[in-house]
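Remarks on the structure that follows.
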Amino acid sequence: QVQLVESGGGLVQAGGSLRLSCAASGRAVSRATMGWFRQAPGKEREFVAAQMWSGFNTYYADSVKGRFTISRDNAKNTVYLQMNSLKPEDTAVYYCAEAVGFGGGSTWYSSKGSYDYWGQGTQVTVSS
């Protein structure tokens, strides 16, 4: 049974930074495609970042490119999302997701349907 538990969310001022963590159990993240999504109130869940199991292929939404970084620590079986230069529009519940398979391009990695397991989410609030 795969379980994903996010942590690290909170309240931060615009321009600040947060690092989200996603602790995985039941399957090694070193063999999984991992992604981060977010959902703001009244909006659809949207793609933020993803990384293929090998770490060679990494994808970001245009809205976070250059500000957010996805990484993983295989020894801790944990995936991270470093968020810098945060903006009020980054306010959302952030979800970690894991895919059993992998695809060939950004469309696959950014699709919610590609992921098999989801965490419960962690709230990020950015004040102006």
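Please note that chains go A, B, ... in the order of the structure tokens, that every chain numbers its residues from 1, and that ligands are numbered from 1 in the order shown.
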Quiz prompt | alpha helix (DSSP H) positions in chain A, given as a ChimeraX atom specification | solution = /A:106-109
Quiz item: Running DSSP on the backbone, which parts of segment 12-102 of chain A land in strand (DSSP E or B), as a PyMOL selection string?
Solution: chain A and resi 12-13+18-25+33-39+46-51+58-60+68-73+78-83+92-99
Near Ser110 of chain A, counting only C-alpha atoms, which residues have an atom at most 8 Å away, once you skip same-chain residues fewer than 5 positions from it, shown as a compact mmCIF listing (two decimals) with N, CA, C and O atoms, in the first residue's frame?
# COMPACT_ATOMS: atom_id res chain seq x y z
N PHE A 47 -1.27 21.19 -12.41
CA PHE A 47 0.09 20.69 -12.36
C PHE A 47 1.06 21.76 -11.90
O PHE A 47 0.93 22.94 -12.29
N VAL A 48 2.04 21.36 -11.09
CA VAL A 48 3.10 22.27 -10.65
C VAL A 48 4.46 21.79 -11.14
O VAL A 48 5.19 22.52 -11.81
N ALA A 49 4.82 20.54 -10.79
CA ALA A 49 6.14 20.03 -11.16
C ALA A 49 6.11 18.51 -11.14
O ALA A 49 5.30 17.91 -10.45
N ALA A 50 7.02 17.91 -11.91
CA ALA A 50 7.12 16.46 -11.92
C ALA A 50 8.54 16.05 -12.29
O ALA A 50 9.27 16.80 -12.95
N TYR A 59 9.85 18.48 -15.16
CA TYR A 59 8.92 19.38 -15.83
C TYR A 59 8.32 20.35 -14.82
O TYR A 59 8.09 20.00 -13.66
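Between Ala24 of chain A and the candidates A:Thr78, A:Ser128, A:Asn84, A:Ser63, the tightest atom-to-atom separation, counting only C-alpha atoms, involves A:Thr78.
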Considering only C-alpha atoms, return as a PDB file with N, CA and C atoms, in the first residue's frame whatever protein or nucleic-acid residues lie within 7 Å of segment 30-36 of chain A, sequence-local ones (same chain, fewer than 6 positions apart) excluded.
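Final output, saved to result-v7.pdb:
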ATOM      1  N   PHE A  47      -1.271  21.193 -12.412  1.00  0.00           N
ATOM      2  CA  PHE A  47       0.086  20.687 -12.356  1.00  0.00           C
ATOM      3  C   PHE A  47       1.056  21.761 -11.900  1.00  0.00           C
ATOM      4  N   VAL A  48       2.040  21.357 -11.093  1.00  0.00           N
ATOM      5  CA  VAL A  48       3.097  22.268 -10.649  1.00  0.00           C
ATOM      6  C   VAL A  48       4.461  21.786 -11.143  1.00  0.00           C
ATOM      7  N   ALA A  49       4.816  20.544 -10.792  1.00  0.00           N
ATOM      8  CA  ALA A  49       6.137  20.030 -11.160  1.00  0.00           C
ATOM      9  C   ALA A  49       6.112  18.509 -11.141  1.00  0.00           C
ATOM     10  N   ALA A  50       7.023  17.912 -11.909  1.00  0.00           N
ATOM     11  CA  ALA A  50       7.124  16.457 -11.918  1.00  0.00           C
ATOM     12  C   ALA A  50       8.537  16.050 -12.285  1.00  0.00           C
ATOM     13  N   GLN A  51       8.895  14.850 -11.841  1.00  0.00           N
ATOM     14  CA  GLN A  51      10.230  14.331 -12.128  1.00  0.00           C
ATOM     15  C   GLN A  51      10.143  12.835 -12.370  1.00  0.00           C
ATOM     16  N   MET A  52      10.759  12.410 -13.472  1.00  0.00           N
ATOM     17  CA  MET A  52      10.822  10.992 -13.791  1.00  0.00           C
ATOM     18  C   MET A  52      11.669  10.270 -12.755  1.00  0.00           C
ATOM     19  N   TRP A  53      11.469   8.961 -12.604  1.00  0.00           N
ATOM     20  CA  TRP A  53      12.150   8.202 -11.579  1.00  0.00           C
ATOM     21  C   TRP A  53      13.659   8.345 -11.667  1.00  0.00           C
ATOM     22  N   ASN A  74      16.454   9.796  -2.142  1.00  0.00           N
ATOM     23  CA  ASN A  74      16.069   8.383  -2.214  1.00  0.00           C
ATOM     24  C   ASN A  74      16.320   7.651  -0.895  1.00  0.00           C
ATOM     25  N   TYR A  94      -1.392  22.028  -1.702  1.00  0.00           N
ATOM     26  CA  TYR A  94      -0.412  21.359  -2.552  1.00  0.00           C
ATOM     27  C   TYR A  94      -0.455  19.849  -2.295  1.00  0.00           C
ATOM     28  N   TYR A  95      -0.511  19.092  -3.383  1.00  0.00           N
ATOM     29  CA  TYR A  95      -0.612  17.641  -3.311  1.00  0.00           C
ATOM     30  C   TYR A  95       0.593  16.977  -3.954  1.00  0.00           C
ATOM     31  N   CYS A  96       1.074  15.948  -3.309  1.00  0.00           N
ATOM     32  CA  CYS A  96       2.110  15.088  -3.859  1.00  0.00           C
ATOM     33  C   CYS A  96       1.426  13.916  -4.557  1.00  0.00           C
ATOM     34  N   ALA A  97       2.015  13.466  -5.665  1.00  0.00           N
ATOM     35  CA  ALA A  97       1.416  12.359  -6.410  1.00  0.00           C
ATOM     36  C   ALA A  97       2.504  11.435  -6.937  1.00  0.00           C
ATOM     37  N   GLU A  98       2.149  10.174  -7.093  1.00  0.00           N
ATOM     38  CA  GLU A  98       3.100   9.177  -7.565  1.00  0.00           C
ATOM     39  C   GLU A  98       2.486   8.384  -8.716  1.00  0.00           C
ATOM     40  N   ALA A  99       3.282   8.210  -9.761  1.00  0.00           N
ATOM     41  CA  ALA A  99       2.834   7.431 -10.913  1.00  0.00           C
ATOM     42  C   ALA A  99       3.627   6.137 -10.980  1.00  0.00           C
ATOM     43  N   VAL A 100       2.940   5.063 -11.260  1.00  0.00           N
ATOM     44  CA  VAL A 100       3.604   3.768 -11.396  1.00  0.00           C
ATOM     45  C   VAL A 100       4.409   3.728 -12.684  1.00  0.00           C
ATOM     46  N   GLY A 101       3.878   4.312 -13.740  1.00  0.00           N
ATOM     47  CA  GLY A 101       4.554   4.282 -15.022  1.00  0.00           C
ATOM     48  C   GLY A 101       5.251   5.587 -15.327  1.00  0.00           C
ATOM     49  N   PHE A 102       5.577   5.795 -16.574  1.00  0.00           N
ATOM     50  CA  PHE A 102       6.153   7.056 -17.008  1.00  0.00           C
ATOM     51  C   PHE A 102       5.797   7.281 -18.468  1.00  0.00           C
TER      52      PHE A 102
END
Self-check item: Using only C-alpha atoms: which of A:Thr69, A:Gly105, A:Thr122, A:Asp116 has the shortest distance to Ser17 of chain A
Solution: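 Nearest to Ser17 of chain A: A:Thr69.
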Exercise. Work out how far apart atom CA of Phe68 of chain A and atom CA of Lys87 of chain A are and give it in Å to one decimal.
Key: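 Here the two named atoms are 11.6 Å from each other.
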Quiz item: Which residue, A:Asp62, A:Asp90, A:Gln120, A:Val79, has the smallest gap to Gly15 of chain A when you use only C-alpha atoms?
Solution: A:Asp90
Practice problem: Considering only C-alpha atoms, state which residue in the set A:Glu46, A:Ser71, A:Lys65, A:Gly8 is at the smallest distance from Gly113 of chain A. | Solution: A:Glu46
Quiz item: Using only C-alpha atoms, which of the listed residues (A:Leu81, A:Ala61, A:Arg67, A:Val29) sits closest to Val2 of chain A?
Solution: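 Ranked by minimum distance to Val2 of chain A, first place goes to A:Val29.
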Quiz prompt | Separation of atom CA of Gln82 of chain A from atom CA of Gly103 of chain A in Å | solution =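 Separation of atom CA of Gly103 of chain A and atom CA of Gln82 of chain A: 23.8 Å.
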